[in-house]
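Notes follow the structure.
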Amino acid sequence: MEATEPARQTARTVELLWGPGADRERPGLSTAAIVSAAVALADAEGLGALSMRRIAERLGFTAMSLYRHVPGKAELIDLMRDAVVGELDLAEPADGGWRGALEAWARAHWALHLRHPWLVHSDGSRRVPGPNIVADFDRALAFAERTGLPSAAVVAVVGLVAGFVGGAARQVEEVVRLERESGVSYEQWWRGQGDLFARMESFPAIGRHWRSGGFDAPEDPFDFGLARTLDGVELLVLRHREESAGDGIRYGKRDVKTTPPVAHSCALCGDPLPPATRGRPQRYCSQACRQRAYRRRHPSGSG
């Protein structure tokens, strides 16, 4: 059966991303040079400014020369995405636990989005991933595997953390883009909304927090959101490990006790456990984690 045009386009993109990458045609013009110029243009002016003509002008060639290396803008964006993800450091984080590793991974992606704000407009469910993107995804899965969660949950955890980073980056990109387009900063725009603030203060909850200083020194949205996202994963890990261990807790209900398996990492934070010398195998790395786990099982304070 003859391949459809979308299938042929995907095949071309796969070859560009995963092929041998041998540059040819005119001296001084290569796929790597085209991608580098495209990234620089998108960084400076946004993805909307990207065109083969603009890139050709930067490189001193005609637009037709570029098409000998890259079939079109869609394929170029896939190459750009993979190129910038290649900037990420794939070294093992110093923290051996799942939470520290996933936090480091999320922060690295946050920094990547701040360097390349256009990334938030380059994703999509049918974007073809290149080798750098696949290697990064594989690394994130390996970090999430340390939770001990089932396979489907491991994949979902990576998607959850990546989704949070992408959502936070999208908000920042909008601020940067509007400042660039209007010449008015975020702070300047809001300082000019005195009439709006006067009307908002009459709303009871807004007024209370306004007067109590809740808006004066807000939490850092990325730090706060990432911590709460990982807290949610931590609670899931705790519940799963307690359920798997059969220690009598199954989502708040008593169950038949069984002998827990030997654990190699803390049931709460995921940090490595010290070797057990005697008695029952340890499940928490510290008394603090043990107490936090108890409070999460018994939020009302009852036994």
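Letters for chains follow the order of the structure tokens (A, B, ...), residue numbers begin at 1 for each chain, and ligand numbers begin at 1 in the order shown.
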
> Can you list every residue in segment 80-286 of chain A that DSSP puts in strand (DSSP E), as an MDAnalysis selection string?
Replying inline: chainID A and resid 249:250 253:254

Could those residues be written to a file, using C-alpha atoms, as a short mmCIF file (atom, residue, chain, number, x, y, z; two decimals), in the first residue's frame?
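Listed below is the output, selection-v6.cif:
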data_model
loop_
_atom_site.label_atom_id
_atom_site.label_comp_id
_atom_site.auth_asym_id
_atom_site.auth_seq_id
_atom_site.Cartn_x
_atom_site.Cartn_y
_atom_site.Cartn_z
CA ILE A 249 -2.55 0.08 55.45
CA ARG A 250 -4.51 0.08 52.22
CA LYS A 253 -8.25 0.83 55.67
CA ARG A 254 -6.86 -1.95 57.82
#

>> According to DSSP computed on the backbone, where in segment 103-299 of chain A is there alpha helix (DSSP H)? Give the residues as a PyMOL selection string.
In response: chain A and resi 103-115+131-145+151-182+186-191+194-200+204-211+221-245+287-297

Would you write out those residues with C-alpha atoms, as a compact mmCIF listing (two decimals), in the first residue's frame?
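Output saved as again.txt:
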# COMPACT_ATOMS: atom_id res chain seq x y z
CA GLU A 103 13.68 17.58 40.89
CA ALA A 104 17.08 18.04 39.22
CA TRP A 105 15.60 16.83 35.92
CA ALA A 106 12.67 19.26 36.21
CA ARG A 107 14.93 22.20 37.07
CA ALA A 108 17.19 21.44 34.13
CA HIS A 109 14.17 21.53 31.81
CA TRP A 110 12.97 24.74 33.45
CA ALA A 111 16.32 26.39 32.74
CA LEU A 112 16.18 25.06 29.17
CA HIS A 113 12.76 26.66 28.64
CA LEU A 114 14.00 29.97 30.04
CA ARG A 115 16.88 29.93 27.53
CA PRO A 131 17.82 10.92 19.76
CA ASN A 132 18.46 13.64 22.35
CA ILE A 133 14.80 13.82 23.33
CA VAL A 134 14.50 10.04 23.53
CA ALA A 135 17.68 9.77 25.64
CA ASP A 136 16.33 12.43 28.01
CA PHE A 137 12.97 10.66 28.32
CA ASP A 138 14.74 7.36 28.99
CA ARG A 139 16.74 9.04 31.74
CA ALA A 140 13.60 10.47 33.36
CA LEU A 141 11.96 7.04 33.33
CA ALA A 142 15.02 5.57 35.04
CA PHE A 143 14.70 8.20 37.79
CA ALA A 144 10.98 7.52 38.24
CA GLU A 145 11.62 3.77 38.39
CA SER A 151 5.26 0.64 35.07
CA ALA A 152 2.19 2.63 34.01
CA ALA A 153 2.54 4.87 37.07
CA VAL A 154 6.24 5.43 36.33
CA VAL A 155 5.37 6.71 32.86
CA ALA A 156 2.56 8.84 34.32
CA VAL A 157 4.90 10.39 36.91
CA VAL A 158 7.31 11.54 34.20
CA GLY A 159 4.39 12.98 32.23
CA LEU A 160 3.10 14.74 35.35
CA VAL A 161 6.42 16.41 36.15
CA ALA A 162 7.07 17.32 32.51
CA GLY A 163 3.55 18.72 32.23
CA PHE A 164 4.06 20.94 35.26
CA VAL A 165 7.33 22.31 33.86
CA GLY A 166 5.73 22.94 30.47
CA GLY A 167 2.75 24.73 32.01
CA ALA A 168 4.97 26.96 34.14
CA ALA A 169 7.18 27.71 31.13
CA ARG A 170 4.15 28.64 29.03
CA GLN A 171 3.15 31.29 31.57
CA VAL A 172 6.64 32.80 31.58
CA GLU A 173 6.81 32.74 27.77
CA GLU A 174 3.60 34.75 27.56
CA VAL A 175 5.01 37.41 29.88
CA VAL A 176 8.25 37.66 27.89
CA ARG A 177 6.43 37.72 24.53
CA LEU A 178 3.97 40.44 25.57
CA GLU A 179 6.79 42.56 26.99
CA ARG A 180 8.69 42.21 23.71
CA GLU A 181 5.65 43.04 21.58
CA SER A 182 4.32 45.94 23.67
CA TYR A 186 4.69 42.98 33.41
CA GLU A 187 5.20 45.16 36.49
CA GLN A 188 4.55 48.38 34.57
CA TRP A 189 1.28 47.04 33.17
CA TRP A 190 -0.05 45.98 36.57
CA ARG A 191 1.03 49.24 38.24
CA GLY A 194 -5.26 51.16 40.01
CA ASP A 195 -8.96 51.40 39.12
CA LEU A 196 -9.16 47.61 38.81
CA PHE A 197 -7.50 47.06 42.19
CA ALA A 198 -9.93 49.45 43.88
CA ARG A 199 -12.85 47.33 42.64
CA MET A 200 -11.22 43.99 43.47
CA PRO A 204 -14.22 39.42 50.67
CA ALA A 205 -11.49 36.79 50.26
CA ILE A 206 -9.38 38.97 47.94
CA GLY A 207 -9.70 41.89 50.35
CA ARG A 208 -8.68 39.83 53.37
CA HIS A 209 -5.53 38.49 51.73
CA TRP A 210 -4.75 41.85 50.18
CA ARG A 211 -4.82 43.54 53.60
CA PRO A 221 5.41 29.74 41.40
CA PHE A 222 7.90 27.24 40.00
CA ASP A 223 9.49 26.26 43.31
CA PHE A 224 6.12 26.03 45.04
CA GLY A 225 4.44 24.09 42.24
CA LEU A 226 7.32 21.64 41.73
CA ALA A 227 7.48 20.87 45.45
CA ARG A 228 3.73 20.24 45.63
CA THR A 229 3.86 18.08 42.49
CA LEU A 230 6.60 15.92 44.00
CA ASP A 231 4.72 15.83 47.31
CA GLY A 232 1.84 14.23 45.45
CA VAL A 233 4.14 11.64 43.90
CA GLU A 234 5.66 11.02 47.33
CA LEU A 235 2.26 10.29 48.82
CA LEU A 236 1.50 7.88 45.97
CA VAL A 237 4.82 6.13 46.53
CA LEU A 238 4.13 5.84 50.26
CA ARG A 239 0.72 4.34 49.72
CA HIS A 240 1.98 1.92 47.10
CA ARG A 241 4.86 0.72 49.26
CA GLU A 242 2.66 0.27 52.31
CA GLU A 243 0.11 -1.62 50.26
CA SER A 244 2.79 -3.80 48.66
CA ALA A 245 4.42 -4.44 52.03
CA GLN A 287 12.74 9.33 62.32
CA ALA A 288 11.54 12.50 60.56
CA CYS A 289 10.40 10.51 57.51
CA ARG A 290 8.72 7.95 59.80
CA GLN A 291 6.78 10.71 61.56
CA ARG A 292 5.80 12.40 58.29
CA ALA A 293 4.54 9.08 56.95
CA TYR A 294 2.46 8.56 60.09
CA ARG A 295 0.93 12.04 59.83
CA ARG A 296 -0.03 11.42 56.21
CA ARG A 297 -1.75 8.16 57.13

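The nearest approach to Arg68 of chain A among the residues A:Ala101, A:Val39, A:Leu29, A:Val85, with only C-alpha atoms taken into account, belongs to A:Leu29.
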
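Going from atom CA of Trp18 of chain A over to atom CA of Arg146 of chain A, you cover 29.4 Å.
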
> Suppose you want the space between atom CA of Leu41 of chain A and atom CA of Ile55 of chain A; what is it in Å?
Replying inline: 7.5 Å

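The gap separating atom CA of Leu90 of chain A from atom CA of Cys269 of chain A is 22.4 Å, in Å to one decimal.
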
> Arg53 of chain A: which residues within 10 Å, counting only C-alpha atoms, same-chain residues fewer than 3 positions away excluded, as a VMD selection string?
Replying inline: chain A and resid 50 56 to 59 61 to 64 66

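Here the question is which of A:Ala267, A:Val14, A:Ala33, A:Pro117 gets nearest to Gln282 of chain A using only C-alpha atoms, and that residue is A:Ala267.
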